[in-house]
Amino acid sequence: MTSTAGGAGQLLAISDLHIGYEDNRALVEKLRPGTDDDWLLVAGDVAEKVSSIEWALKTLAGRFRKVVWVPGNHELWTHPSDPVTLRGVARYEHLVEMCRGLGVVTPEDPYPVWEGPGGPVAVAPLFLLYDYSFLPAGCATKEEGLSYAHKTGVVCNDEYLLHPDPYPTRDDWCRARVAATEARLAALPDDLPVVLVNHWPLERHPTEVLWYPEFAMWCGTRLTADWHRRFPVAAVVYGHLHIPRTTVHEGVRFEEVSVGYPREWRKRPQPPGRPRRILPTEA
């Protein structure tokens, strides 16, 4: 672990910037810290093209004291419009190296320690994917769940654009990521609280409000369902669902920090593109 925070500021979080939309790109252009010591957690789905991801993270890294990034499914897509045609692990590793060149913390780096108000707290960026274990009601296997989803027409684009190479399947990749991450979290000091940052929810309860429940299959894994109890978790930060809200589950705060698509955020009363404060805890 490295400790790089100052003695003031805020630990802020945002996700699902989707800057392929001009209105969302404009939100990033306007995004500024409240103090010189603010950190920003970016919980995935910045964009699909590597050049767009780089622009956004470079812009934010130039403004915030520290930027911590985790990949979402959109960053991992091998999109036909992106000249970078890397797939799977190779694409992820390319993004990690790009972030390191920008001074942005990734899931492959030592966990930084926030020592500002509400700290000290380790900030653990995670990359875990999903394994189709959030099955639709009445389905007992991944195959049954996918068959049901195809019948309803609710199928995530990951099935066509997110390649797991060299793993045989996305769920194999997920299980490998979970095992490696679990070992790193277990090695943290027992008396050091941690903020877990992942694109996908770590527990199924946030998906209970989805309009299309079958989409939950692409939203996480049951393998992490007890992590907020097993580890000294101060808060869980995630995105992906485009349902920004705060919930408390078994005494732990879960923060969904998505911006989402313009058609979604225009309907909300709150101004778009404002990061959520994770620490110090909101009153």
# chains A, B, ... in the order shown; residues from 1 in each chain; ligands from 1

$ closest_atom_pairs --of "region 128-221 of chain A" --to "region 73-77 of chain A" --cutoff "8 Å" --atoms "only C-alpha atoms" --output "CSV"
residue,atom,partner,partner_atom,distance
A:Leu129,CA,A:Asn73,CA,7.9
A:Asp158,CA,A:Asn73,CA,7.0
A:Leu161,CA,A:Trp77,CA,4.9
A:Leu162,CA,A:Trp77,CA,4.5
A:His163,CA,A:Trp77,CA,7.2

$ write_last_selection --atoms "N, CA and C atoms" --output "compact mmCIF listing (two decimals), in the first residue's frame"
# COMPACT_ATOMS: atom_id res chain seq x y z
N LEU A 129 -15.63 -8.43 -12.81
CA LEU A 129 -16.56 -8.97 -13.82
C LEU A 129 -17.80 -9.63 -13.20
N ASP A 158 -22.30 -7.16 -24.03
CA ASP A 158 -21.08 -7.88 -23.69
C ASP A 158 -21.00 -9.22 -24.42
N LEU A 161 -19.33 -8.16 -27.64
CA LEU A 161 -18.21 -7.23 -27.72
C LEU A 161 -17.15 -7.41 -26.63
N LEU A 162 -17.49 -8.06 -25.52
CA LEU A 162 -16.54 -8.23 -24.43
C LEU A 162 -15.97 -9.65 -24.49
N HIS A 163 -14.74 -9.74 -24.97
CA HIS A 163 -14.11 -11.03 -25.18
C HIS A 163 -13.22 -11.39 -23.98

$ residues_around --residues "Tyr160 (chain A)" --least-positions-apart "3" --cutoff "10 Å" --atoms "only C-alpha atoms" --output "PyMOL selection string"
chain A and resi 77-79+155-157+163

$ write_last_selection --atoms "all heavy atoms" --output "tab-separated table (two decimals), in the first residue's frame"
chain	number	residue	atom	x	y	z
A	77	TRP	N	-14.95	-3.60	-24.02
A	77	TRP	CA	-15.47	-3.96	-25.33
A	77	TRP	C	-14.39	-3.78	-26.40
A	77	TRP	O	-13.62	-2.82	-26.38
A	77	TRP	CB	-16.65	-3.07	-25.71
A	77	TRP	CG	-17.93	-3.36	-24.99
A	77	TRP	CD1	-18.17	-4.33	-24.08
A	77	TRP	CD2	-19.16	-2.63	-25.16
A	77	TRP	NE1	-19.47	-4.27	-23.65
A	77	TRP	CE2	-20.09	-3.25	-24.29
A	77	TRP	CE3	-19.55	-1.54	-25.93
A	77	TRP	CZ2	-21.42	-2.79	-24.19
A	77	TRP	CZ3	-20.85	-1.09	-25.83
A	77	TRP	CH2	-21.77	-1.71	-24.98
A	78	THR	N	-14.35	-4.69	-27.35
A	78	THR	CA	-13.57	-4.47	-28.56
A	78	THR	C	-14.57	-3.97	-29.60
A	78	THR	O	-15.19	-4.72	-30.33
A	78	THR	CB	-12.89	-5.77	-29.03
A	78	THR	OG1	-12.08	-6.28	-27.96
A	78	THR	CG2	-12.01	-5.52	-30.24
A	79	HIS	N	-14.75	-2.65	-29.58
A	79	HIS	CA	-15.82	-2.02	-30.36
A	79	HIS	C	-15.36	-1.82	-31.80
A	79	HIS	O	-14.21	-1.43	-32.04
A	79	HIS	CB	-16.20	-0.69	-29.73
A	79	HIS	CG	-17.53	-0.17	-30.16
A	79	HIS	ND1	-17.72	0.49	-31.35
A	79	HIS	CD2	-18.75	-0.24	-29.56
A	79	HIS	CE1	-19.00	0.83	-31.46
A	79	HIS	NE2	-19.64	0.39	-30.40
A	155	VAL	N	-30.57	-8.74	-23.65
A	155	VAL	CA	-29.26	-9.38	-23.70
A	155	VAL	C	-28.20	-8.29	-23.73
A	155	VAL	O	-28.24	-7.39	-24.58
A	155	VAL	CB	-29.12	-10.28	-24.94
A	155	VAL	CG1	-27.74	-10.91	-24.99
A	155	VAL	CG2	-30.19	-11.36	-24.93
A	156	CYS	N	-27.25	-8.36	-22.80
A	156	CYS	CA	-26.19	-7.35	-22.72
A	156	CYS	C	-25.28	-7.44	-23.95
A	156	CYS	O	-24.94	-8.54	-24.42
A	156	CYS	CB	-25.39	-7.56	-21.44
A	156	CYS	SG	-24.13	-6.31	-21.16
A	157	ASN	N	-24.84	-6.29	-24.45
A	157	ASN	CA	-23.93	-6.26	-25.59
A	157	ASN	C	-22.59	-6.91	-25.31
A	157	ASN	O	-21.82	-7.19	-26.24
A	157	ASN	CB	-23.70	-4.81	-26.05
A	157	ASN	CG	-24.85	-4.28	-26.89
A	157	ASN	OD1	-25.52	-5.04	-27.57
A	157	ASN	ND2	-25.06	-2.98	-26.83
A	163	HIS	N	-14.74	-9.74	-24.97
A	163	HIS	CA	-14.11	-11.03	-25.18
A	163	HIS	C	-13.22	-11.39	-23.98
A	163	HIS	O	-12.50	-10.54	-23.48
A	163	HIS	CB	-13.28	-11.02	-26.46
A	163	HIS	CG	-14.07	-10.56	-27.65
A	163	HIS	ND1	-15.02	-11.35	-28.26
A	163	HIS	CD2	-14.06	-9.38	-28.33
A	163	HIS	CE1	-15.56	-10.69	-29.27
A	163	HIS	NE2	-15.00	-9.50	-29.33

$ select_by_dssp --residues "region 79-263 of chain A" --states "alpha helix (DSSP H)" --output "PyMOL selection string"
chain A and resi 88-102+142-152+158-161+170-186+227-230+262-263

$ residues_around --residues "region 63-67 of chain A" --least-positions-apart "5" --cutoff "12 Å" --atoms "only C-alpha atoms" --output "PyMOL selection string"
chain A and resi 3-14+28-43+56-58+99-100+102-106+112-114+116+123+125

$ residues_around --residues "Leu192 (chain A)" --least-positions-apart "2" --cutoff "9 Å" --atoms "only C-alpha atoms" --output "PyMOL selection string"
chain A and resi 120-122+188-190+194+232-233

$ write_last_selection --atoms "N, CA and C atoms" --output "PDB file, in the first residue's frame"
ATOM      1  N   PRO A 120      -7.820   7.309   8.439  1.00  0.00           N
ATOM      2  CA  PRO A 120      -7.272   6.633   7.248  1.00  0.00           C
ATOM      3  C   PRO A 120      -8.139   5.469   6.783  1.00  0.00           C
ATOM      4  N   VAL A 121      -8.256   5.353   5.468  1.00  0.00           N
ATOM      5  CA  VAL A 121      -9.032   4.303   4.831  1.00  0.00           C
ATOM      6  C   VAL A 121      -8.287   3.863   3.578  1.00  0.00           C
ATOM      7  N   ALA A 122      -8.107   2.559   3.420  1.00  0.00           N
ATOM      8  CA  ALA A 122      -7.547   2.042   2.173  1.00  0.00           C
ATOM      9  C   ALA A 122      -8.605   2.142   1.078  1.00  0.00           C
ATOM     10  N   LEU A 188      -4.799  -7.110   3.864  1.00  0.00           N
ATOM     11  CA  LEU A 188      -4.860  -5.778   4.456  1.00  0.00           C
ATOM     12  C   LEU A 188      -4.884  -5.879   5.980  1.00  0.00           C
ATOM     13  N   PRO A 189      -4.373  -4.858   6.684  1.00  0.00           N
ATOM     14  CA  PRO A 189      -4.451  -4.866   8.147  1.00  0.00           C
ATOM     15  C   PRO A 189      -5.900  -4.929   8.622  1.00  0.00           C
ATOM     16  N   ASP A 190      -6.158  -5.710   9.642  1.00  0.00           N
ATOM     17  CA  ASP A 190      -7.515  -5.879  10.151  1.00  0.00           C
ATOM     18  C   ASP A 190      -8.110  -4.586  10.693  1.00  0.00           C
ATOM     19  N   VAL A 194     -11.666  -0.094   4.682  1.00  0.00           N
ATOM     20  CA  VAL A 194     -11.422  -0.072   3.245  1.00  0.00           C
ATOM     21  C   VAL A 194     -12.673   0.358   2.496  1.00  0.00           C
ATOM     22  N   PRO A 232     -13.232  -5.173   6.712  1.00  0.00           N
ATOM     23  CA  PRO A 232     -13.660  -3.964   7.435  1.00  0.00           C
ATOM     24  C   PRO A 232     -14.059  -2.842   6.470  1.00  0.00           C
ATOM     25  N   VAL A 233     -15.187  -3.005   5.829  1.00  0.00           N
ATOM     26  CA  VAL A 233     -15.596  -2.127   4.730  1.00  0.00           C
ATOM     27  C   VAL A 233     -16.285  -0.865   5.253  1.00  0.00           C
TER      28      VAL A 233
END

$ closest_atom_pairs --of "region 11-88 of chain A" --to "region 264-270 of chain A" --cutoff "12 Å" --atoms "only C-alpha atoms" --output "CSV"
residue,atom,partner,partner_atom,distance
A:Asp16,CA,A:Trp265,CA,11.3
A:Leu17,CA,A:Trp265,CA,11.1
A:His18,CA,A:Trp265,CA,11.9
A:Asp23,CA,A:Arg266,CA,10.4
A:Asn24,CA,A:Trp265,CA,9.8
A:Leu27,CA,A:Trp265,CA,11.4

$ closest_residue --among "A:Arg276, A:Glu250, A:Ala180, A:Tyr212" --to "Arg230 (chain A)" --atoms "only C-alpha atoms"
A:Glu250

$ closest_residue --among "A:Ala183, A:Val178, A:Val68, A:Val257" --to "His240 (chain A)" --atoms "only C-alpha atoms"
A:Val257

$ atom_distance --atom1 "CA of Thr169 (chain A)" --atom2 "CA of Val70 (chain A)"
20.5 Å

$ residues_around --residues "region 151-153 of chain A" --least-positions-apart "5" --cutoff "10 Å" --atoms "only C-alpha atoms" --output "PDB file with N, CA, C and O atoms, in the first residue's frame"
ATOM      1  N   GLY A 145     -30.623 -19.305 -17.833  1.00  0.00           N
ATOM      2  CA  GLY A 145     -30.751 -17.863 -17.712  1.00  0.00           C
ATOM      3  C   GLY A 145     -30.545 -17.150 -19.032  1.00  0.00           C
ATOM      4  O   GLY A 145     -31.301 -16.243 -19.393  1.00  0.00           O
ATOM      5  N   LEU A 146     -29.509 -17.556 -19.786  1.00  0.00           N
ATOM      6  CA  LEU A 146     -29.252 -16.930 -21.079  1.00  0.00           C
ATOM      7  C   LEU A 146     -30.369 -17.227 -22.069  1.00  0.00           C
ATOM      8  O   LEU A 146     -30.766 -16.358 -22.859  1.00  0.00           O
ATOM      9  N   TYR A 212     -35.655  -4.589 -15.914  1.00  0.00           N
ATOM     10  CA  TYR A 212     -35.575  -5.900 -16.567  1.00  0.00           C
ATOM     11  C   TYR A 212     -34.709  -6.805 -15.694  1.00  0.00           C
ATOM     12  O   TYR A 212     -33.476  -6.799 -15.801  1.00  0.00           O
ATOM     13  N   GLU A 214     -33.804  -9.787 -15.670  1.00  0.00           N
ATOM     14  CA  GLU A 214     -32.880 -10.725 -16.287  1.00  0.00           C
ATOM     15  C   GLU A 214     -31.514 -10.099 -16.563  1.00  0.00           C
ATOM     16  O   GLU A 214     -30.505 -10.804 -16.689  1.00  0.00           O
TER      17      GLU A 214
END
